[in-house]
Every structure is written in C-alpha cells, then in structure tokens.
Amino acid sequence: MNAFAEARDKRSADGADPEVERFRARLDPQFLVEAGWDEDSLTLTIQPGHPLLAWTPCINPACSAEAILTSGLCNHCQGRWNKSKLPLEDFLGSSAAEKKKPRQRCSVQGCTRMWASSVSKLCGPHRSRFRKLNLPMEEFFAHPQVKPMPPLGNCDVVSCSRERELTTSPYCQAHTTKWKRLVRDGEPEASDQARWARTEAPALVTPGEVPLLGLSPLMVVEVLFALQERIGQEVKVSPQKLRSTVNWLRREELRSLMEVPEGERTGKKNTAAIHARLLRDHVVRALLDPEVERRKPDIWDARAWGHRGVLNFTGISQKWLREAVMMWIVEELPRHYGKSATRFLQAHISSAARLSRSLRAFREDRGEIPSAVARADIENFLGRLTFQVAQSDDEMTENLRHNTLRMLRKLLNRTRALGASRPGGPMAGVSEDFTLRESDIPKGDKRRKPRDLPPVIMRQVCVQLDRLEKMASRQVRVAIDLMIDTGRRPDEICHLDWDCLVTDSKGKYELIWTNLKCNRLGIRLPIAQATADVIRDQQQRVRQRFPDTPLSELALLPAAIRNPRGTRKIALSTVGDWHAEWVDEMPPLLMDDGKTEFDRSKIVMYAYRHSFAQRHADAGVPIDQLRKLMDHDLLESTRRYYRVTEERTRKAVDTVARFHFDRHGNRIWREARQLMDSEHVRRGLESVPVPFGGCEEPSNVQAGGGECPIRFRCVGCDHFNTDVSYLPDLERHLSDLLQTRERIAALTTADEWAKAEAMPSEHEIRRVRRLIANVKETLADLDADEQDQVQEAMVTIRKSRAVMLGMPRVGQPVPDVRPERP
C-alpha cells in the first residue's frame, strides 16, 4: 500500500481534512484530465503536445526521452549523433541511433519479475536455475522445477512505484545502486536510511511523469491547485521543472506550500525553491480574506482587496492612531483602482507614521494616551518638519512636507467623519484641536516644470523609431507610436484589446481604451488615419501569429513569451526597459539653435502624454475639449499638462493689441505699440469677456457679463470689441448662423411666425461677414513674418483663454497634430 492509499484510508476513518477538501473543491476536473492526473498512483502523466505543460519527444524513433536541444534530440542521442559524424537524416536511420530495449517481464509464464538479462530474458532466480539445469530453452520452460516467482513488492522509497528485484535489498534496482554508492562514498544522506527512503526522488519511467508520492495530502492538492492557477495564467510549466520542484518539496519534508521559506533561506540560485515560492503565492492568494487581513496588527496583504503589495503600519506605534488609520484604509481600499493604489494609500500611512514619531519624541507618555494629545503636539510636529527641511534632510523635502501635511489633514478629518472619535472609537477622547488647519499647510508651488518635449525634439525622437524596432520588436515600436499619437498613459496602451479600433457614424476612426486609473471602460478617442493604419497593421500581425484564438480574447500588443494563445498583454516594464535603452543610444538631440543639447533624461514615456496635451493646446483646442481628450475629471488637472507662461501671454497680448476691432470692423488702438501695465489692468477692470470679444458696458461689467439684455448678439452693440484672436470663433459662428438659416427654411412642420422668430437675422449675418472680412484684409496687408508672429500670438492667447462662455456652435473635429514620420 502506497502513501496516498494510506492517507486516503486515514481520511475515511478520521474524517476528511478540511484544508485538503478546501483546495480539492477548487480543482477543475478538466484540468486534471489534461494533466494526466491519476489519483490512485498520485502521479501526473503529461502527454507531449500540451500548449503549457508541454514536453517534446526526441525525434529519434528508437528513443522515448525528452528532446532538450535545438536539434530535436535528447542529450544522449545528441552525443551519439556527434560521435557518428553523420548527417542528421542518415543518423536517424542508422544503427548508431538504436537504443537498448526497455526491460520486460521474465519469459517464464506467470512470472512477475523483470528479466536480468536481455539475452536470456529471464529474471535472476530463473536464470540461475537455467544454468544449473543446462537444458534447451523449450525444455527448461516445461521442467516441473521451473515455477513463476512471486512479486517482491514495491520499492521502499516512498516516491518510487517500481518493484523490488532482489530479495537482499528493499529497493528497486536503481535505488539499490544509488544507496550502495552513498554508503560507499560516506555521503551524509547515508546516515539516516529511513529519512532517505522518505525523501529520495523516484526513478522515472517516462519524461512526462511527475510523481507526487511522498508529499503530504495537503501538499498534493496545493501543488495541483497552484499548477492549475499558473496554467490558467498561461504560464508554461515543463514537467522537468515541476518534477524538480516536487523533489525539492519532498526533501524539505514540508506539510504545506505555506511553509516554503523565503529566498534568504532557500538561496537565490535554487531554481526549484524559486519555483516553489511561485506556487506558494497562488496558495496565499487563495487563502486571503479581507476580514482576516484587517485583524492583523501590523502588515496587511493588499492582494486580499485586489491590489498589489502590502500595507505596512509598523511605523505607527500608538495603538489608537494605528487603529484610526486602519479604519480609514479599510474604507478607502475598495475605492481605488490601478497599480498605484497601494502606493497611494501607503503614502498616507507614512504621513501618520511621521506624526507618530513626533509624538514619541515630544511627549513623556510617547503619545500612548489619546486624551492627552492636543494642539501643542500638532505645533511640535509642524516645527519638526520645518526643521528637517531647513537642515536639508534628505528624508524631508519641501514637496514631501507639503504632501505629508496635506495627506495627514485629510486622514485626520476622514477618520473623525467615520466615527473614530466617538465613544468607543479608537480616537475617543482626542481633542478637537488635534487636527491640521488649512493655514498649517504651506501653499505648494503651482508652477510646474514643463514635461512636454519641444516639437524639434519630438521630430528627432520620431526619426529614431526605426532603430527602436530593430533593437526591440515591432510591438514595442507600435506601443511607443500609440503613446505619441494618442497621449494615453503607458499602461493604458499596453492594455489595449485587439478590437480597439472602431469607426463612428461618419466613418472616422476612434480608439476604444480603458482608463485604468479611474476604472472607466470603453472610452472613445478620435484618432487620425495614420494612427489607425498602425493599429490595423498590428492587428493583422497578431491575427497571423494566433489564428485560432477568438478575436475578443486577443491583445493588441501580446507578450512575446509565456503567451501561447495571445491573450496575455505585453508588460509595461518590458516596453519601459526597451524605451530607456533606446533613448540612451540615441545620437545627441539638438534644440532649434543647432548647438544646445537637449537633456535626454526628460524623454520618458509619460512625457508623450504631456506633449500630446501641449500640441493640442497649441493647435487652439479649447480646454474643455482638451479635458475630454485627456479624460480628466477636473479642468485643473488638464491645466497642469500644458503651459502658457505669463511672459509668453503678455507678449502675445501686446502683439494682437494692434489688431482690435469694433463691431463695425473698424480698427481701434491703431497707434498702440505696446500696452503699459496700467492699460492691462484698466482693460481687465473695465471689460468683461463675452462671445467673440469683450464688453465695456459698465452694468454688464459689474455683473460679470450676466446683465446684458441682448446676450449672444454682441455684434449689434457699440460696447463690443474684438481682436484677431477671435477670428476662428467668428468664422464658426457665421457657419452656425448660415446652417441654422438653411435648416429653418427647409422646415415644413412649423408655423411661419415660429420660423421667423427662430430665423437668424440677416443684419447679424451681414455684420459678422463684414467684421470677418475686415479682420482678414488687415492680416493680408502684413508681410509673411508679421503674419507668422500674429498667428503665434493668436494660438498663445486662445490657449490661455480657459473659460468657455457656452455659445452654441458646430462641433469642431480634433485637429490631426500627429508628428511627422520620417
């Protein structure tokens, strides 16, 4: 009776082990069939050809071993082929490729023992009797003294399923030979024969065989479950690797995969131990429970909530503060998405840990009594951070101080809102003054360094894309192409599905993508024809590589390895590593003057998103439309992605100051050369923005533009003035008026009086046309250089005009600002 049968009988007698049954219930019967699982012998018999549990047989027809070399031969056949010095085809048909036939049962009828000689084909006892009787073979078989020999039983090595062959040894022939060698050489294993028999690896029969004999019942089901999970993630696991891991687990005599030690104890070069830790991770994830994790006092595994990494509370020594922070973390964990959720929450925990260190340093009770803390402790904490910044402490910077105070203020306020300060709560008795006020947080510098790449640098980067494709692969090139063209975050590009390209009702291409940061699915982004061509070409290559996988499961950028069906997406780290190496090998990147070298460390993948926003802002895309393109919730977030410096805006305003017009199209401020500071302030105080210009009517200015009785008909009022930067808006407004007039004239289901009321005025149409014509004539009188200056000033001013006044207009398509390709 083998170990599995004994364990099975013990379970039936004592009742099933709940831990074993927990994993047994999660095993997929279809997986067990594909893996060749035999529950009676506790052995996996993996057949060649499985896409993930694959092993390839040797191409030598006379060999049944596993091919491990590029020639398709096993190691033994490769050596014989090298010695033969024959072409491979000739070798496979020659006698040099022949191998010994496997041993079989004794030729005596009914004998259960294996033959000892391939010549006589008799077992050891029958061969000795054959020599003593000295009879022909036929007479020997018929002799009355020749009787079948009873079996000797299985090998005493627990993991081995072979039979014993000698009455003088409790092991099979292979293990008998090995044990004798260990004893002869004085190896340490020979000091404990019982343990050696429990932990020794089995003698294999076929390359695809993986015996789990000798493992505990819990370990058996855990290994099967972990293997099932890895196969479900489309990770290849060869029988040879799995066999090595199982043998290591057997030698360690572990009851469960949860007992597999960390790398410090197993050694980094022990591949079997490394693979065992990978299997253990699947078991850990299966056992994770949020309710169990939240009761742990110091470290939580964030995978219990679907995130990565751990949340470490050990830096908070005060029990009341730690429990309050834990209360807020439990509330926040389900509300966050993406790969950085754990890092974001850990930053808040770290801010509380800094407060905890301050309480330990300044209070005699080390902050352990919640009712004793007060505003003075907050003042001490503020002073501590300020001192660290003043001392140029590497661990505390001005930006870190600002973020620490901001996060800590939010944390203290939210914990109170959750009831932490109520009776029975962890912060019960804490003074209301123990909080951070808004005035305690220093205002951060809103001026951010631009992260976009100048157009001249973008053109040079795009020229180098062919080199990236040669260095890495076409898929990495496509990923960078799409980052540049679409402005999506790098991980969002890597996450694209195969069927991400669609067309709208007008036949224009759109990209279907997912905002991983906010967990928004199925967002549509208008893209240019050239970008769509890149995606279509990639789709064709992926389809040719994976013709049998359903399109709905394919990735647009599939991983190059461990991805037999094309469903696993390329890793962001893969693209990032190749991108960094590509940037390092670029030739010097020069600015417009041809001499100043650009700092290539600024060329990171996220810079393409900032460059996308800057290109569209420079093209005059309104900020509300740009916010939609960037898929931001707040306009403030969009403003951070592009820059319009005060100096640049001031210069642009001075440039267009010479091109102001009244409602009749007559130029005003013709003699102005440059607006003085007082004039800038006066116009800001005495004018209010209105559609297509400004209004100087005092009551309307005082009301902020909300007290005009002829709203949206500004061209009929003498208080209205405009400048050349509003020319595109005027042209769109004229187009709106003309289209509205045609639609109303063609309407047959409305009364004439209703149509007359809704019909745009011919006076307004003529006035707008004349105004546009006068502005264009004025621009046409300028030379080419002046026109370029005015155009650049127009773009700058329109980009800084963040407030949209809600004037109805025809939808404007997103401009195609894709950088030119070489």
# chains A, B, ... in the order shown; residues from 1 in each chain; ligands from 1
$ residues_around --residues "segment 20-34 of chain A" --least-positions-apart "4" --cutoff "12 Å" --atoms "only C-alpha atoms" --output "PyMOL selection string"
chain A and resi 7-8+11+15-16+38-39+42-54+216-232+255-256+282-284+286-287
$ write_last_selection --atoms "C-alpha atoms" --output "PDB file, in the first residue's frame"
ATOM      1  CA  ALA A   7      -3.686   8.771   3.676  1.00  0.00           C
ATOM      2  CA  ARG A   8      -6.968   8.065   1.876  1.00  0.00           C
ATOM      3  CA  ARG A  11      -9.231  10.250   5.936  1.00  0.00           C
ATOM      4  CA  GLY A  15     -12.948  12.285   8.544  1.00  0.00           C
ATOM      5  CA  ALA A  16     -11.762  14.485   5.670  1.00  0.00           C
ATOM      6  CA  ASP A  38      -4.090   9.562 -11.565  1.00  0.00           C
ATOM      7  CA  GLU A  39      -5.397   9.800  -8.016  1.00  0.00           C
ATOM      8  CA  LEU A  42      -0.649  10.150  -7.143  1.00  0.00           C
ATOM      9  CA  THR A  43       1.107  10.757 -10.436  1.00  0.00           C
ATOM     10  CA  LEU A  44       0.805  13.294 -13.242  1.00  0.00           C
ATOM     11  CA  THR A  45       1.430  11.738 -16.642  1.00  0.00           C
ATOM     12  CA  ILE A  46       1.704  14.667 -19.026  1.00  0.00           C
ATOM     13  CA  GLN A  47       1.426  13.841 -22.689  1.00  0.00           C
ATOM     14  CA  PRO A  48       3.551  15.643 -25.292  1.00  0.00           C
ATOM     15  CA  GLY A  49       1.773  18.407 -27.194  1.00  0.00           C
ATOM     16  CA  HIS A  50       0.084  20.243 -24.326  1.00  0.00           C
ATOM     17  CA  PRO A  51       0.481  24.013 -25.045  1.00  0.00           C
ATOM     18  CA  LEU A  52       1.578  24.867 -21.488  1.00  0.00           C
ATOM     19  CA  LEU A  53       2.520  21.567 -19.807  1.00  0.00           C
ATOM     20  CA  ALA A  54       4.455  20.693 -22.896  1.00  0.00           C
ATOM     21  CA  SER A 216       1.554  15.222   2.427  1.00  0.00           C
ATOM     22  CA  PRO A 217      -2.107  15.115   1.279  1.00  0.00           C
ATOM     23  CA  LEU A 218      -2.352  18.874   1.785  1.00  0.00           C
ATOM     24  CA  MET A 219       0.794  19.491  -0.214  1.00  0.00           C
ATOM     25  CA  VAL A 220      -0.532  17.315  -3.055  1.00  0.00           C
ATOM     26  CA  VAL A 221      -3.756  19.290  -3.530  1.00  0.00           C
ATOM     27  CA  GLU A 222      -1.917  22.608  -3.079  1.00  0.00           C
ATOM     28  CA  VAL A 223       0.584  21.720  -5.815  1.00  0.00           C
ATOM     29  CA  LEU A 224      -2.246  20.699  -8.136  1.00  0.00           C
ATOM     30  CA  PHE A 225      -4.176  23.887  -7.372  1.00  0.00           C
ATOM     31  CA  ALA A 226      -1.133  26.125  -7.839  1.00  0.00           C
ATOM     32  CA  LEU A 227      -0.290  24.368 -11.093  1.00  0.00           C
ATOM     33  CA  GLN A 228      -3.869  24.872 -12.259  1.00  0.00           C
ATOM     34  CA  GLU A 229      -3.650  28.605 -11.479  1.00  0.00           C
ATOM     35  CA  ARG A 230      -0.355  29.031 -13.326  1.00  0.00           C
ATOM     36  CA  ILE A 231      -1.723  27.252 -16.359  1.00  0.00           C
ATOM     37  CA  GLY A 232      -4.796  29.484 -16.125  1.00  0.00           C
ATOM     38  CA  ARG A 255       3.493  19.772   5.116  1.00  0.00           C
ATOM     39  CA  SER A 256       2.181  22.711   3.088  1.00  0.00           C
ATOM     40  CA  HIS A 282      -1.056  31.093  -5.659  1.00  0.00           C
ATOM     41  CA  VAL A 283      -1.941  29.302  -2.443  1.00  0.00           C
ATOM     42  CA  VAL A 284      -1.507  32.514  -0.463  1.00  0.00           C
ATOM     43  CA  ALA A 286      -6.424  31.587  -2.487  1.00  0.00           C
ATOM     44  CA  LEU A 287      -6.351  31.806   1.296  1.00  0.00           C
TER      45      LEU A 287
END
$ select_by_dssp --residues "segment 494-538 of chain A" --states "strand (DSSP E)" --output "list in words"
Leu501, Val502, Thr503, Tyr509, Glu510, Leu511, Ile512, Trp513, Thr514, Asn515, Arg520, Leu521, Gly522, Ile523, Arg524, Leu525 and Pro526 of chain A
$ residues_around --residues "segment 389-405 of chain A" --least-positions-apart "6" --cutoff "9 Å" --atoms "only C-alpha atoms" --output "short mmCIF file (atom, residue, chain, number, x, y, z; two decimals) with all heavy atoms, in the first residue's frame"
data_model
loop_
_atom_site.label_atom_id
_atom_site.label_comp_id
_atom_site.auth_asym_id
_atom_site.auth_seq_id
_atom_site.Cartn_x
_atom_site.Cartn_y
_atom_site.Cartn_z
N ALA A 347 1.40 55.96 1.25
CA ALA A 347 1.90 57.31 1.47
C ALA A 347 1.14 57.98 2.60
O ALA A 347 1.72 58.72 3.42
CB ALA A 347 1.79 58.13 0.19
N HIS A 348 -0.17 57.75 2.69
CA HIS A 348 -0.95 58.31 3.79
C HIS A 348 -0.55 57.65 5.12
O HIS A 348 -0.48 58.33 6.15
CB HIS A 348 -2.44 58.09 3.52
CG HIS A 348 -3.00 58.98 2.46
ND1 HIS A 348 -2.75 58.77 1.12
CD2 HIS A 348 -3.79 60.09 2.53
CE1 HIS A 348 -3.36 59.70 0.42
NE2 HIS A 348 -4.00 60.51 1.24
N SER A 350 2.37 56.50 5.80
CA SER A 350 3.68 57.05 6.14
C SER A 350 3.57 58.44 6.75
O SER A 350 4.36 58.82 7.63
CB SER A 350 4.57 57.09 4.89
OG SER A 350 4.76 55.78 4.37
N SER A 351 2.60 59.23 6.28
CA SER A 351 2.41 60.56 6.88
C SER A 351 1.97 60.42 8.33
O SER A 351 2.42 61.19 9.21
CB SER A 351 1.39 61.35 6.07
OG SER A 351 0.09 60.79 6.19
N ALA A 352 1.10 59.44 8.62
CA ALA A 352 0.71 59.19 10.01
C ALA A 352 1.89 58.66 10.82
O ALA A 352 2.01 58.95 12.02
CB ALA A 352 -0.46 58.21 10.06
N ARG A 354 4.97 59.58 10.48
CA ARG A 354 5.80 60.73 10.85
C ARG A 354 5.20 61.46 12.05
O ARG A 354 5.92 61.93 12.93
CB ARG A 354 5.94 61.67 9.65
CG ARG A 354 6.70 61.06 8.49
CD ARG A 354 6.96 62.07 7.37
NE ARG A 354 7.65 61.43 6.27
CZ ARG A 354 7.05 60.92 5.20
NH1 ARG A 354 5.73 61.00 5.09
NH2 ARG A 354 7.75 60.33 4.26
N LEU A 382 4.66 70.35 13.29
CA LEU A 382 4.93 71.31 12.22
C LEU A 382 6.35 71.84 12.33
O LEU A 382 7.06 71.97 11.32
CB LEU A 382 3.91 72.45 12.27
CG LEU A 382 2.45 72.08 11.98
CD1 LEU A 382 1.54 73.27 12.25
CD2 LEU A 382 2.29 71.61 10.55
N LEU A 436 -5.10 69.32 11.72
CA LEU A 436 -4.36 70.27 10.89
C LEU A 436 -5.33 71.23 10.24
O LEU A 436 -6.32 70.80 9.63
CB LEU A 436 -3.54 69.52 9.83
CG LEU A 436 -2.28 68.83 10.32
CD1 LEU A 436 -1.76 67.85 9.29
CD2 LEU A 436 -1.20 69.85 10.64
N ASP A 440 -2.16 75.60 8.20
CA ASP A 440 -0.94 74.88 8.60
C ASP A 440 -0.18 74.31 7.40
O ASP A 440 0.99 73.97 7.53
CB ASP A 440 -1.30 73.72 9.54
CG ASP A 440 -1.84 74.22 10.88
OD1 ASP A 440 -1.48 75.34 11.27
OD2 ASP A 440 -2.63 73.49 11.50
N ILE A 441 -0.86 74.19 6.30
CA ILE A 441 -0.25 73.56 5.12
C ILE A 441 0.32 74.65 4.24
O ILE A 441 -0.42 75.52 3.75
CB ILE A 441 -1.29 72.74 4.34
CG1 ILE A 441 -1.92 71.70 5.27
CG2 ILE A 441 -0.64 72.08 3.14
CD1 ILE A 441 -3.00 70.88 4.63
N PRO A 442 1.62 74.68 4.04
CA PRO A 442 2.21 75.71 3.15
C PRO A 442 1.71 75.51 1.72
O PRO A 442 1.53 74.39 1.25
CB PRO A 442 3.71 75.46 3.27
CG PRO A 442 3.83 74.03 3.70
CD PRO A 442 2.62 73.74 4.54
N LYS A 443 1.46 76.62 1.09
CA LYS A 443 0.98 76.55 -0.29
C LYS A 443 2.08 76.03 -1.19
O LYS A 443 3.20 76.53 -1.18
CB LYS A 443 0.52 77.92 -0.76
CG LYS A 443 -0.72 78.42 -0.02
CD LYS A 443 -1.20 79.74 -0.58
CE LYS A 443 -2.46 80.22 0.14
NZ LYS A 443 -2.96 81.50 -0.39
N GLY A 444 1.73 75.03 -1.95
CA GLY A 444 2.72 74.46 -2.85
C GLY A 444 2.94 75.34 -4.06
O GLY A 444 2.10 76.18 -4.41
N ASP A 445 4.04 75.15 -4.70
CA ASP A 445 4.37 75.90 -5.89
C ASP A 445 3.57 75.34 -7.06
O ASP A 445 3.79 74.21 -7.50
CB ASP A 445 5.87 75.81 -6.18
CG ASP A 445 6.30 76.73 -7.32
OD1 ASP A 445 5.43 77.44 -7.85
OD2 ASP A 445 7.49 76.72 -7.66
#
$ closest_residue --among "A:Ile484, A:Val119, A:Met114, A:Val373" --to "Leu152 of chain A" --atoms "only C-alpha atoms"
A:Met114
$ select_by_dssp --residues "segment 77-145 of chain A" --states "helix (DSSP H, G or I)" --output "NGL selection string"
:A and (77-84 or 88-92 or 95-97 or 124-133 or 137-142)
$ closest_atom_pairs --of "segment 362-389 of chain A" --to "segment 312-322 of chain A" --cutoff "12 Å" --atoms "only C-alpha atoms" --output "Markdown table"
| residue | atom | partner | partner_atom | distance |
| --- | --- | --- | --- | --- |
| A:Arg363 | CA | A:Gln318 | CA | 12.0 |
| A:Asp365 | CA | A:Gln318 | CA | 10.3 |
| A:Arg366 | CA | A:Gln318 | CA | 8.0 |
| A:Gly367 | CA | A:Gln318 | CA | 6.4 |
| A:Glu368 | CA | A:Gln318 | CA | 5.3 |
| A:Ile369 | CA | A:Trp320 | CA | 8.3 |
| A:Pro370 | CA | A:Trp320 | CA | 6.8 |
| A:Ser371 | CA | A:Trp320 | CA | 10.3 |
| A:Val373 | CA | A:Leu321 | CA | 11.1 |
$ closest_residue --among "A:Gly124, A:Gly693, A:Pro61, A:Ala758" --to "Ser95 of chain A" --atoms "only C-alpha atoms"
A:Pro61
$ closest_residue --among "A:Thr245, A:Thr112, A:Gln789, A:Thr415" --to "Met327 of chain A" --atoms "only C-alpha atoms"
A:Thr415
$ residues_around --residues "Cys714 of chain A" --least-positions-apart "2" --cutoff "9 Å" --atoms "only C-alpha atoms" --output "NGL selection string"
:A and (663 or 690-695 or 710-712 or 716-721)
$ residues_around --residues "Cys63 of chain A" --least-positions-apart "6" --cutoff "12 Å" --atoms "only C-alpha atoms" --output "MDAnalysis selection string"
chainID A and resid 56:57 72:78 92 96:102 206:207
$ residues_around --residues "Pro526 of chain A" --least-positions-apart "5" --cutoff "7 Å" --atoms "only C-alpha atoms" --output "list in words"
Tyr509, Glu510 and Leu511 of chain A
